[in-house]
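Asks: Below is the file model_34.txt, which contains compact mmCIF, C-alpha atoms and all ligand atoms.
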```
# COMPACT_ATOMS: atom_id res chain seq x y z
CA MET C 1 19.83 0.28 -3.74
CA LYS C 2 17.13 -2.15 -2.61
CA TYR C 3 13.78 -0.75 -1.56
CA LEU C 4 10.94 -2.39 0.33
CA ILE C 5 7.74 -1.00 -1.16
CA LEU C 6 4.80 -1.23 1.25
CA SER C 7 1.22 -0.04 0.76
CA ASP C 8 -2.28 -0.20 2.25
CA ILE C 9 -1.42 -1.78 5.59
CA HIS C 10 -4.74 -0.73 7.12
CA SER C 11 -3.98 -1.40 10.80
CA ASN C 12 -3.33 -5.09 10.13
CA GLN C 13 -0.65 -5.97 12.68
CA GLU C 14 -0.44 -9.67 11.80
CA ALA C 15 0.00 -9.06 8.06
CA LEU C 16 2.64 -6.37 8.61
CA GLY C 17 4.41 -8.59 11.16
CA ALA C 18 4.51 -11.49 8.68
CA VAL C 19 5.99 -9.23 5.99
CA PHE C 20 8.64 -7.94 8.39
CA SER C 21 9.57 -11.51 9.44
CA PHE C 22 9.89 -12.50 5.79
CA VAL C 23 12.16 -9.59 4.85
CA ARG C 24 14.41 -10.17 7.85
CA ARG C 25 16.16 -12.76 5.65
CA LYS C 26 16.34 -10.43 2.63
CA PRO C 27 18.82 -7.65 1.96
CA TRP C 28 17.18 -4.23 1.74
CA ASP C 29 18.30 -0.63 2.27
CA LYS C 30 15.22 1.53 2.62
CA VAL C 31 11.48 1.26 3.31
CA VAL C 32 9.08 3.17 1.09
CA PHE C 33 5.44 3.48 2.16
CA LEU C 34 2.63 4.44 -0.25
CA GLY C 35 -0.11 5.37 2.22
CA ASP C 36 -3.08 3.94 4.15
CA LEU C 37 -1.26 2.77 7.23
CA VAL C 38 -4.48 2.84 9.26
CA GLY C 39 -8.24 2.43 8.81
CA TYR C 40 -10.33 -0.81 8.72
CA GLY C 41 -8.23 -2.91 11.12
CA ALA C 42 -8.07 -3.13 14.91
CA ASN C 43 -4.38 -2.27 15.54
CA PRO C 44 -3.73 1.29 14.35
CA ASN C 45 -1.18 2.17 17.04
CA GLN C 46 0.75 -1.07 16.58
CA ALA C 47 0.83 -0.51 12.80
CA VAL C 48 2.15 3.04 13.21
CA ASN C 49 4.76 1.96 15.77
CA MET C 50 5.92 -0.97 13.62
CA LEU C 51 6.30 1.12 10.47
CA ARG C 52 7.99 3.97 12.33
CA SER C 53 10.58 1.50 13.63
CA MET C 54 11.58 0.60 10.04
CA LYS C 55 14.25 3.20 9.38
CA PRO C 56 15.21 4.71 7.00
CA LEU C 57 11.64 5.34 5.93
CA VAL C 58 10.11 7.43 3.16
CA GLY C 59 6.32 7.69 3.36
CA ILE C 60 3.30 9.50 2.00
CA ARG C 61 -0.29 9.67 3.22
CA GLY C 62 -3.32 7.75 1.98
CA ASN C 63 -6.99 8.73 2.01
CA HIS C 64 -7.61 6.69 5.19
CA ASP C 65 -4.64 8.32 6.94
CA LYS C 66 -6.21 11.71 6.19
CA VAL C 67 -9.65 10.82 7.57
CA CYS C 68 -8.36 8.83 10.57
CA SER C 69 -6.04 11.68 11.62
CA GLY C 70 -8.73 14.34 11.13
CA ILE C 71 -7.29 16.13 8.08
CA GLU C 72 -10.50 15.26 6.19
CA THR C 73 -14.03 14.47 7.37
CA GLY C 74 -14.53 11.35 5.25
CA GLU C 75 -17.74 12.53 3.63
CA LEU C 76 -16.94 10.44 0.56
CA PHE C 77 -16.34 7.26 2.59
CA ASN C 78 -18.94 4.50 2.71
CA ARG C 79 -20.60 3.81 6.07
CA ILE C 80 -18.28 0.97 7.07
CA ALA C 81 -15.06 2.79 6.15
CA LEU C 82 -16.23 5.90 7.99
CA GLU C 83 -17.21 3.96 11.11
CA ALA C 84 -13.76 2.31 11.15
CA ALA C 85 -12.06 5.68 10.58
CA MET C 86 -13.88 7.33 13.50
CA TRP C 87 -13.04 4.34 15.72
CA THR C 88 -9.38 4.63 14.64
CA ARG C 89 -9.32 8.37 15.38
CA ARG C 90 -10.49 7.66 18.94
CA LYS C 91 -7.92 4.89 19.46
CA LEU C 92 -4.80 6.59 18.08
CA THR C 93 -2.39 7.97 20.65
CA LYS C 94 -1.66 11.69 20.43
CA THR C 95 1.86 10.97 19.19
CA ASN C 96 0.69 8.60 16.45
CA LEU C 97 -2.11 10.94 15.42
CA ARG C 98 0.41 13.74 15.05
CA TRP C 99 2.78 11.49 13.09
CA LEU C 100 0.00 10.44 10.68
CA LYS C 101 -1.11 14.05 10.22
CA ALA C 102 2.43 14.99 9.26
CA LEU C 103 2.72 12.35 6.51
CA PRO C 104 3.33 14.32 3.30
CA GLN C 105 1.03 14.34 0.31
CA GLY C 106 2.25 12.43 -2.74
CA PRO C 107 3.67 12.27 -5.28
CA ALA C 108 7.25 12.12 -4.06
CA VAL C 109 10.45 11.19 -5.83
CA VAL C 110 12.64 8.74 -3.89
CA ASP C 111 16.40 9.29 -4.21
CA GLY C 112 15.95 10.54 -7.77
CA ALA C 113 15.30 6.89 -8.71
CA PHE C 114 11.50 6.51 -8.90
CA ALA C 115 8.25 8.23 -7.95
CA ILE C 116 5.58 7.18 -5.45
CA SER C 117 1.92 8.11 -5.07
CA HIS C 118 -1.07 6.82 -3.13
CA GLY C 119 -3.83 6.99 -5.76
CA THR C 120 -2.18 8.57 -8.80
CA PRO C 121 0.66 11.11 -9.05
CA ILE C 122 -1.96 13.62 -10.28
CA ASP C 123 -4.65 13.00 -7.66
CA GLU C 124 -3.82 11.18 -4.43
CA ASP C 125 -7.45 10.01 -4.07
CA ALA C 126 -7.98 8.74 -7.65
CA TYR C 127 -7.76 5.06 -8.59
CA ILE C 128 -5.79 3.25 -11.27
CA PHE C 129 -7.77 0.07 -11.92
CA GLY C 130 -7.03 -0.56 -15.59
CA GLU C 131 -5.19 0.51 -18.69
CA ILE C 132 -7.30 3.60 -19.47
CA GLU C 133 -6.59 5.14 -16.07
CA ALA C 134 -2.93 4.11 -16.38
CA LEU C 135 -2.67 5.59 -19.88
CA ASN C 136 -4.10 8.91 -18.67
CA VAL C 137 -1.54 9.01 -15.86
CA PHE C 138 1.32 8.15 -18.24
CA ARG C 139 0.19 10.97 -20.55
CA GLN C 140 0.01 13.57 -17.79
CA THR C 141 3.32 12.69 -16.10
CA ASP C 142 6.84 11.80 -17.18
CA TYR C 143 8.08 9.49 -14.43
CA PRO C 144 9.97 6.50 -15.88
CA VAL C 145 8.90 4.38 -12.87
CA CYS C 146 6.13 5.19 -10.40
CA PHE C 147 4.81 2.97 -7.61
CA PHE C 148 1.22 3.54 -6.50
CA GLY C 149 -1.30 2.01 -4.09
CA HIS C 150 -4.98 2.62 -3.20
CA SER C 151 -6.52 -0.06 -5.46
CA HIS C 152 -5.29 -2.95 -3.27
CA PHE C 153 -4.10 -5.40 -5.92
CA PRO C 154 -0.64 -6.00 -7.40
CA VAL C 155 -0.27 -4.95 -11.02
CA ILE C 156 2.38 -3.69 -13.44
CA PHE C 157 1.43 -1.35 -16.29
CA GLY C 158 4.10 -0.80 -18.94
CA LEU C 159 4.00 1.91 -21.62
CA SER C 160 6.18 1.50 -24.70
CA THR C 161 6.11 3.70 -27.81
CA GLU C 162 3.70 1.16 -29.31
CA SER C 163 1.28 0.05 -26.65
CA ILE C 164 0.34 -0.37 -23.01
CA THR C 165 0.57 -3.77 -21.34
CA THR C 166 -0.80 -5.06 -18.06
CA ILE C 167 0.72 -7.76 -15.89
CA LEU C 168 -1.52 -9.08 -13.16
CA THR C 169 0.68 -11.12 -10.87
CA ILE C 170 -0.44 -14.47 -9.52
CA ALA C 171 2.74 -16.28 -8.38
CA PRO C 172 3.67 -16.20 -4.66
CA SER C 173 6.93 -14.49 -5.69
CA PHE C 174 6.68 -12.72 -9.04
CA ARG C 175 10.00 -11.47 -10.40
CA PHE C 176 10.02 -8.89 -13.20
CA LYS C 177 12.93 -7.10 -14.85
CA LEU C 178 12.01 -3.63 -16.07
CA LYS C 179 12.74 -3.19 -19.77
CA PRO C 180 14.70 -0.26 -21.18
CA GLY C 181 12.57 2.32 -23.01
CA VAL C 182 9.38 1.30 -21.22
CA ARG C 183 7.72 3.42 -18.53
CA TYR C 184 6.08 1.72 -15.59
CA LEU C 185 3.24 2.20 -13.10
CA ILE C 186 3.49 -0.51 -10.44
CA ASN C 187 1.20 -1.37 -7.56
CA PRO C 188 2.89 -3.64 -4.96
CA GLY C 189 -0.56 -4.72 -3.72
CA SER C 190 -2.02 -4.32 -0.25
CA ILE C 191 -0.46 -5.73 2.90
CA GLY C 192 -3.47 -5.46 5.17
CA GLN C 193 -6.46 -5.84 2.89
CA PRO C 194 -5.79 -7.40 -0.54
CA ARG C 195 -8.67 -7.25 -3.02
CA ASP C 196 -7.57 -9.54 -5.86
CA GLY C 197 -9.27 -12.64 -4.48
CA ASN C 198 -6.05 -13.71 -2.77
CA PRO C 199 -5.99 -13.10 1.00
CA LEU C 200 -2.17 -13.22 1.26
CA ALA C 201 -0.39 -9.96 2.16
CA SER C 202 1.23 -8.32 -0.86
CA PHE C 203 4.31 -6.11 -1.10
CA ALA C 204 7.29 -5.46 -3.42
CA LEU C 205 11.06 -5.32 -3.38
CA TYR C 206 12.70 -3.09 -5.98
CA ASP C 207 16.40 -3.33 -6.77
CA THR C 208 17.28 -0.15 -8.67
CA GLU C 209 20.65 -1.53 -9.79
CA SER C 210 19.35 -4.68 -11.49
CA ARG C 211 15.94 -3.01 -12.21
CA VAL C 212 14.17 -6.06 -10.87
CA VAL C 213 10.83 -5.76 -9.08
CA THR C 214 9.67 -8.76 -7.04
CA ILE C 215 6.12 -8.90 -5.74
CA HIS C 216 5.75 -11.26 -2.81
CA ARG C 217 2.59 -12.80 -1.31
CA ILE C 218 2.89 -13.69 2.37
CA ALA C 219 0.62 -15.83 4.57
CA TYR C 220 -0.38 -14.51 7.99
CA ARG C 221 -2.82 -15.44 10.76
CA VAL C 222 -6.00 -14.07 9.19
CA GLU C 223 -8.26 -15.58 11.91
CA GLN C 224 -6.38 -13.69 14.60
CA THR C 225 -6.84 -10.38 12.74
CA GLN C 226 -10.52 -11.14 12.17
CA GLY C 227 -11.00 -11.95 15.87
CA LYS C 228 -9.51 -8.62 16.90
CA ILE C 229 -11.76 -6.70 14.46
CA LEU C 230 -14.88 -8.37 15.87
CA LYS C 231 -13.76 -7.96 19.47
CA ALA C 232 -13.17 -4.25 18.87
CA GLY C 233 -16.78 -3.92 17.69
CA LEU C 234 -15.77 -2.91 14.17
CA PRO C 235 -18.19 -3.85 11.33
CA ARG C 236 -18.23 -7.61 10.58
CA PRO C 237 -17.69 -7.22 6.80
CA LEU C 238 -14.21 -5.83 7.57
CA ALA C 239 -13.33 -9.19 9.14
CA ASP C 240 -15.12 -11.35 6.57
CA ARG C 241 -13.44 -9.80 3.54
CA LEU C 242 -9.92 -10.57 4.85
CA ALA C 243 -10.41 -14.31 4.37
CA LEU C 244 -11.71 -13.77 0.84
CA GLY C 245 -9.15 -11.19 -0.28
CA ARG C 246 -11.75 -8.71 -1.52
FE FE C 301 -6.29 1.61 1.06
```
Will you turn the file into structure tokens for me?
Ligand SMILES: [Fe+2]
Replies:
Amino acid sequence: MKYLILSDIHSNQEALGAVFSFVRRKPWDKVVFLGDLVGYGANPNQAVNMLRSMKPLVGIRGNHDKVCSGIETGELFNRIALEAAMWTRRKLTKTNLRWLKALPQGPAVVDGAFAISHGTPIDEDAYIFGEIEALNVFRQTDYPVCFFGHSHFPVIFGLSTESITTILTIAPSFRFKLKPGVRYLINPGSIGQPRDGNPLASFALYDTESRVVTIHRIAYRVEQTQGKILKAGLPRPLADRLALGR
């Protein structure tokens, strides 16, 4: 089975559109979404509609989905994130708001093949930035393969009986075959707001038969997305950071 693994779209219609155009030429069976469909960007309804049209779909909620749909108040958000979340809450249609609210909390196990979480499988709002956080998650769970999001950069952590290794991907299409006897925590990166210094949208394809994960970086019309953010009256830093990838 081939899975499209998508995360942290953040209301970025152009980035999500570019990813969908790219995968039109690829064989895939199912879409898996790791949370944060909305928040930050200017097209929350378009993002929800586009993702909902990708069936079959398995999805979980992110911290921005919770605040934008009113499940949480966002008291831990910084000023800019909170302003964007409140703007998003006002813009979402009733149907899309209801759909976002109904997104289940992670972790979830997809087809008995792998797990997914937004932050970590232990705490949906916690980050995995480096090996110490990854090691703690490996120790407290037993998933052979778990995809996660929230930190907005593509990375593969592998735990063998000997050590933990980190692969930070740089190539436009990074292909990696999972090794037997090694457990993995994999972030496909962020589609709508990458933070690894590379502004290209990031997502993954996972073939469970060959055990190959490919992380792709896709160009999109960043200026158009920035223009929409400014026109909507959203905070300027949200537009500026898209061109920098941070
Ligand atoms: Fe996010």
Asks: Once 6 Å is added on each side, what are the centre and the three edge lengths, in Å to one decimal, of the axis-aligned box enclosing the listed atoms of region 203-210 of chain C? Present them as JSON.
Replies:
```
{"center_x": 12.5, "center_y": -3.1, "center_z": -6.3, "size_x": 28.3, "size_y": 18.0, "size_z": 22.4}
```
Asks: Kindly provide, as a PyMOL selection string, all nucleotide and amino acid residues lying within 8 Å of ligand FE 301 (chain C), counting only C-alpha atoms and all ligand atoms.
Replies: chain C and resi 7-10+35-36+62-64+149-152+190+193
Asks: Those selected residues, please, written with C-alpha atoms and delivered as a compact mmCIF listing (two decimals), in the coordinates of the input.
Replies:
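Resulting contents of part-v8.txt:
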```txt
# COMPACT_ATOMS: atom_id res chain seq x y z
CA SER C 7 1.22 -0.04 0.76
CA ASP C 8 -2.28 -0.20 2.25
CA ILE C 9 -1.42 -1.78 5.59
CA HIS C 10 -4.74 -0.73 7.12
CA GLY C 35 -0.11 5.37 2.22
CA ASP C 36 -3.08 3.94 4.15
CA GLY C 62 -3.32 7.75 1.98
CA ASN C 63 -6.99 8.73 2.01
CA HIS C 64 -7.61 6.69 5.19
CA GLY C 149 -1.30 2.01 -4.09
CA HIS C 150 -4.98 2.62 -3.20
CA SER C 151 -6.52 -0.06 -5.46
CA HIS C 152 -5.29 -2.95 -3.27
CA SER C 190 -2.02 -4.32 -0.25
CA GLN C 193 -6.46 -5.84 2.89
```
Asks: Do a neighbour search on Arg183 (chain C) at 8 Å with all atoms listed in the file, toss out local chain neighbours closer than 6 positions, and write the hits as a list of chain:residue names.
Replies: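 Close residues of Arg183 (chain C): C:Phe138, C:Tyr143, C:Pro144, C:Val145, C:Gly158, C:Leu159, C:Ser160.
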Asks: Determine, counting only C-alpha atoms, which protein, DNA and RNA residues have an atom within 12 Å of an atom of Arg52 (chain C); residues of the same chain fewer than 4 positions away are not included. Present the result as a list of chain:residue names.
Replies: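 Non-adjacent residues within range: C:Val31, C:Val32, C:Phe33, C:Leu37, C:Asn45, C:Gln46, C:Ala47, C:Val48, C:Pro56, C:Leu57, C:Val58, C:Gly59, C:Thr95, C:Asn96, C:Trp99, C:Leu100, C:Leu103.
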Asks: Can you list, as a list in words, every protein, DNA or RNA residue that comes within 6 Å of region 106-117 of chain C when you count all atoms listed in the file, leaving out same-chain residues fewer than 4 positions away?
Replies: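 Surrounding residues, per the criterion: Ile60, Pro121, Val145, Cys146, Phe147 and Phe148 of chain C.
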Asks: Using all atoms listed in the file, what does the table of region 1-68 of chain C residues within 12 Å of region 206-230 of chain C look like, with each row giving the shortest atom pair and its distance in Å to one decimal, sorted by chain and ascending number, as CSV?
Replies:
```
residue,atom,partner,partner_atom,distance
C:Met1,CA,C:Thr208,CA,5.6
C:Lys2,CA,C:Asp207,CA,4.4
C:Tyr3,CA,C:Tyr206,CA,5.1
C:Leu4,CA,C:Tyr206,CA,6.6
C:Ile5,CA,C:Tyr206,CA,7.2
C:Leu6,CA,C:Ile215,CA,10.5
C:His10,CA,C:Thr225,CA,11.4
C:Ser11,CA,C:Thr225,CA,9.6
C:Asn12,CA,C:Thr225,CA,6.9
C:Gln13,CA,C:Thr225,CA,7.6
C:Glu14,CA,C:Tyr220,CA,6.2
C:Ala15,CA,C:Tyr220,CA,5.5
C:Leu16,CA,C:Tyr220,CA,8.7
C:Gly17,CA,C:Tyr220,CA,8.2
C:Ala18,CA,C:Tyr220,CA,5.8
C:Val19,CA,C:Ile218,CA,6.5
C:Phe20,CA,C:Ile218,CA,10.1
C:Ser21,CA,C:Ile218,CA,10.0
C:Phe22,CA,C:Ile218,CA,7.9
C:Val23,CA,C:His216,CA,10.1
C:Lys26,CA,C:Asp207,CA,11.8
C:Pro27,CA,C:Asp207,CA,10.0
C:Trp28,CA,C:Asp207,CA,8.6
C:Asp29,CA,C:Asp207,CA,9.6
C:Lys30,CA,C:Tyr206,CA,10.1
C:Val31,CA,C:Tyr206,CA,10.3
C:Val32,CA,C:Tyr206,CA,10.1
C:Gly39,CA,C:Ile229,CA,11.3
C:Tyr40,CA,C:Ile229,CA,8.3
C:Gly41,CA,C:Ile229,CA,6.2
C:Ala42,CA,C:Ile229,CA,5.2
C:Asn43,CA,C:Lys228,CA,8.3
C:Pro44,CA,C:Ile229,CA,11.3
```
Asks: Residues as selected, C-alpha atoms, written as a PDB file, in the coordinates of the input, can you do that?
Replies:
```pdb
ATOM      1  CA  MET C   1      19.830   0.280  -3.740  1.00  0.00           C
ATOM      2  CA  LYS C   2      17.130  -2.150  -2.610  1.00  0.00           C
ATOM      3  CA  TYR C   3      13.780  -0.750  -1.560  1.00  0.00           C
ATOM      4  CA  LEU C   4      10.940  -2.390   0.330  1.00  0.00           C
ATOM      5  CA  ILE C   5       7.740  -1.000  -1.160  1.00  0.00           C
ATOM      6  CA  LEU C   6       4.800  -1.230   1.250  1.00  0.00           C
ATOM      7  CA  HIS C  10      -4.740  -0.730   7.120  1.00  0.00           C
ATOM      8  CA  SER C  11      -3.980  -1.400  10.800  1.00  0.00           C
ATOM      9  CA  ASN C  12      -3.330  -5.090  10.130  1.00  0.00           C
ATOM     10  CA  GLN C  13      -0.650  -5.970  12.680  1.00  0.00           C
ATOM     11  CA  GLU C  14      -0.440  -9.670  11.800  1.00  0.00           C
ATOM     12  CA  ALA C  15       0.000  -9.060   8.060  1.00  0.00           C
ATOM     13  CA  LEU C  16       2.640  -6.370   8.610  1.00  0.00           C
ATOM     14  CA  GLY C  17       4.410  -8.590  11.160  1.00  0.00           C
ATOM     15  CA  ALA C  18       4.510 -11.490   8.680  1.00  0.00           C
ATOM     16  CA  VAL C  19       5.990  -9.230   5.990  1.00  0.00           C
ATOM     17  CA  PHE C  20       8.640  -7.940   8.390  1.00  0.00           C
ATOM     18  CA  SER C  21       9.570 -11.510   9.440  1.00  0.00           C
ATOM     19  CA  PHE C  22       9.890 -12.500   5.790  1.00  0.00           C
ATOM     20  CA  VAL C  23      12.160  -9.590   4.850  1.00  0.00           C
ATOM     21  CA  LYS C  26      16.340 -10.430   2.630  1.00  0.00           C
ATOM     22  CA  PRO C  27      18.820  -7.650   1.960  1.00  0.00           C
ATOM     23  CA  TRP C  28      17.180  -4.230   1.740  1.00  0.00           C
ATOM     24  CA  ASP C  29      18.300  -0.630   2.270  1.00  0.00           C
ATOM     25  CA  LYS C  30      15.220   1.530   2.620  1.00  0.00           C
ATOM     26  CA  VAL C  31      11.480   1.260   3.310  1.00  0.00           C
ATOM     27  CA  VAL C  32       9.080   3.170   1.090  1.00  0.00           C
ATOM     28  CA  GLY C  39      -8.240   2.430   8.810  1.00  0.00           C
ATOM     29  CA  TYR C  40     -10.330  -0.810   8.720  1.00  0.00           C
ATOM     30  CA  GLY C  41      -8.230  -2.910  11.120  1.00  0.00           C
ATOM     31  CA  ALA C  42      -8.070  -3.130  14.910  1.00  0.00           C
ATOM     32  CA  ASN C  43      -4.380  -2.270  15.540  1.00  0.00           C
ATOM     33  CA  PRO C  44      -3.730   1.290  14.350  1.00  0.00           C
TER      34      PRO C  44
END
```
Asks: Ranking C:Ser69, C:Thr169, C:Thr141, C:Asn187 by minimum distance to Ile122 (chain C) and counting only C-alpha atoms, which one comes first?
Replies: C:Thr141
Asks: Using Å and a single decimal, report how far CA of Phe153 (chain C) sits from CA of Phe129 (chain C).
Replies: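 These atoms are spaced 8.9 Å apart.
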Asks: What lies within 10 Å of Asn198 (chain C) using all atoms listed in the file, ignoring chain neighbours under 2 positions off, as JSON, numbers by chain?
Replies: {"C": [153, 170, 193, 194, 195, 196, 200, 201, 202, 217, 242, 243, 244, 245, 246]}
Asks: Enter the distance from CA of Gly181 (chain C) to CA of Ala126 (chain C), in Å, rounded to one decimal.
Replies: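 Going from CA of Gly181 (chain C) over to CA of Ala126 (chain C), I get 26.4 Å.
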Asks: One decimal, in Å: what's the spacing between CA of Glu124 (chain C) and CA of Lys66 (chain C)?
Replies: 10.9 Å
Asks: Val67 (chain C): which residues within 7 Å, counting all atoms listed in the file, same-chain residues fewer than 6 positions away excluded, as an NGL selection string?
Replies: :C and (73-74 or 85)
Asks: Hey, which of C:Ala84, C:Ile164, C:Pro199, C:Pro188 ends up closest to Asp240 (chain C)? Count all atoms listed in the file.
Replies: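 Among C:Ala84, C:Ile164, C:Pro199, C:Pro188, it is C:Pro199 that comes nearest to Asp240 (chain C).
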Asks: Between C:Arg241, C:Arg61, C:Lys55, C:Arg89, which is the closest to Gly192 (chain C) once you count all atoms listed in the file?
Replies: C:Arg241
Asks: Could you check which of C:Ala134, C:Lys101, C:Thr88, C:Asn49 is closest to Glu72 (chain C), using all atoms listed in the file?
Replies: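 So, comparing all the options, the nearest one is C:Lys101.
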Asks: Could you check which of C:Leu76, C:Gly130, C:Val182, C:Trp87 is closest to Leu168 (chain C), using all atoms listed in the file?
Replies: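 So, comparing all the options, the nearest one is C:Gly130.
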Asks: Dump region 152-166 of chain C with N, CA and C atoms to a file, as a PDB file, in the first residue's frame.
Replies:
```pdb
ATOM      1  N   HIS C 152       7.707  20.982  11.849  1.00  0.00           N
ATOM      2  CA  HIS C 152       7.829  21.662  10.557  1.00  0.00           C
ATOM      3  C   HIS C 152       9.156  21.482   9.827  1.00  0.00           C
ATOM      4  N   PHE C 153       9.864  20.383  10.075  1.00  0.00           N
ATOM      5  CA  PHE C 153      11.012  20.091   9.206  1.00  0.00           C
ATOM      6  C   PHE C 153      11.132  18.574   9.015  1.00  0.00           C
ATOM      7  N   PRO C 154      11.554  18.147   7.804  1.00  0.00           N
ATOM      8  CA  PRO C 154      11.631  16.716   7.556  1.00  0.00           C
ATOM      9  C   PRO C 154      12.831  16.095   8.254  1.00  0.00           C
ATOM     10  N   VAL C 155      12.593  14.969   8.915  1.00  0.00           N
ATOM     11  CA  VAL C 155      13.678  14.298   9.648  1.00  0.00           C
ATOM     12  C   VAL C 155      13.294  12.838   9.876  1.00  0.00           C
ATOM     13  N   ILE C 156      14.318  11.983   9.906  1.00  0.00           N
ATOM     14  CA  ILE C 156      14.105  10.563  10.192  1.00  0.00           C
ATOM     15  C   ILE C 156      14.992  10.183  11.382  1.00  0.00           C
ATOM     16  N   PHE C 157      14.368   9.748  12.475  1.00  0.00           N
ATOM     17  CA  PHE C 157      15.118   9.223  13.612  1.00  0.00           C
ATOM     18  C   PHE C 157      15.011   7.700  13.575  1.00  0.00           C
ATOM     19  N   GLY C 158      16.139   7.025  13.725  1.00  0.00           N
ATOM     20  CA  GLY C 158      16.145   5.558  13.723  1.00  0.00           C
ATOM     21  C   GLY C 158      16.757   5.030  15.009  1.00  0.00           C
ATOM     22  N   LEU C 159      16.074   4.091  15.661  1.00  0.00           N
ATOM     23  CA  LEU C 159      16.592   3.507  16.903  1.00  0.00           C
ATOM     24  C   LEU C 159      16.925   2.039  16.680  1.00  0.00           C
ATOM     25  N   SER C 160      18.219   1.712  16.792  1.00  0.00           N
ATOM     26  CA  SER C 160      18.637   0.311  16.731  1.00  0.00           C
ATOM     27  C   SER C 160      18.911  -0.145  18.154  1.00  0.00           C
ATOM     28  N   THR C 161      19.386  -1.362  18.330  1.00  0.00           N
ATOM     29  CA  THR C 161      19.712  -1.828  19.685  1.00  0.00           C
ATOM     30  C   THR C 161      20.943  -1.102  20.213  1.00  0.00           C
ATOM     31  N   GLU C 162      21.701  -0.479  19.303  1.00  0.00           N
ATOM     32  CA  GLU C 162      22.973   0.145  19.679  1.00  0.00           C
ATOM     33  C   GLU C 162      22.876   1.651  19.897  1.00  0.00           C
ATOM     34  N   SER C 163      22.137   2.305  19.025  1.00  0.00           N
ATOM     35  CA  SER C 163      22.209   3.770  19.025  1.00  0.00           C
ATOM     36  C   SER C 163      21.009   4.394  18.321  1.00  0.00           C
ATOM     37  N   ILE C 164      20.954   5.719  18.426  1.00  0.00           N
ATOM     38  CA  ILE C 164      19.921   6.471  17.696  1.00  0.00           C
ATOM     39  C   ILE C 164      20.620   7.296  16.623  1.00  0.00           C
ATOM     40  N   THR C 165      20.029   7.335  15.437  1.00  0.00           N
ATOM     41  CA  THR C 165      20.623   8.125  14.354  1.00  0.00           C
ATOM     42  C   THR C 165      19.597   9.114  13.818  1.00  0.00           C
ATOM     43  N   THR C 166      20.100  10.217  13.310  1.00  0.00           N
ATOM     44  CA  THR C 166      19.236  11.256  12.744  1.00  0.00           C
ATOM     45  C   THR C 166      19.601  11.464  11.286  1.00  0.00           C
TER      46      THR C 166
END
```
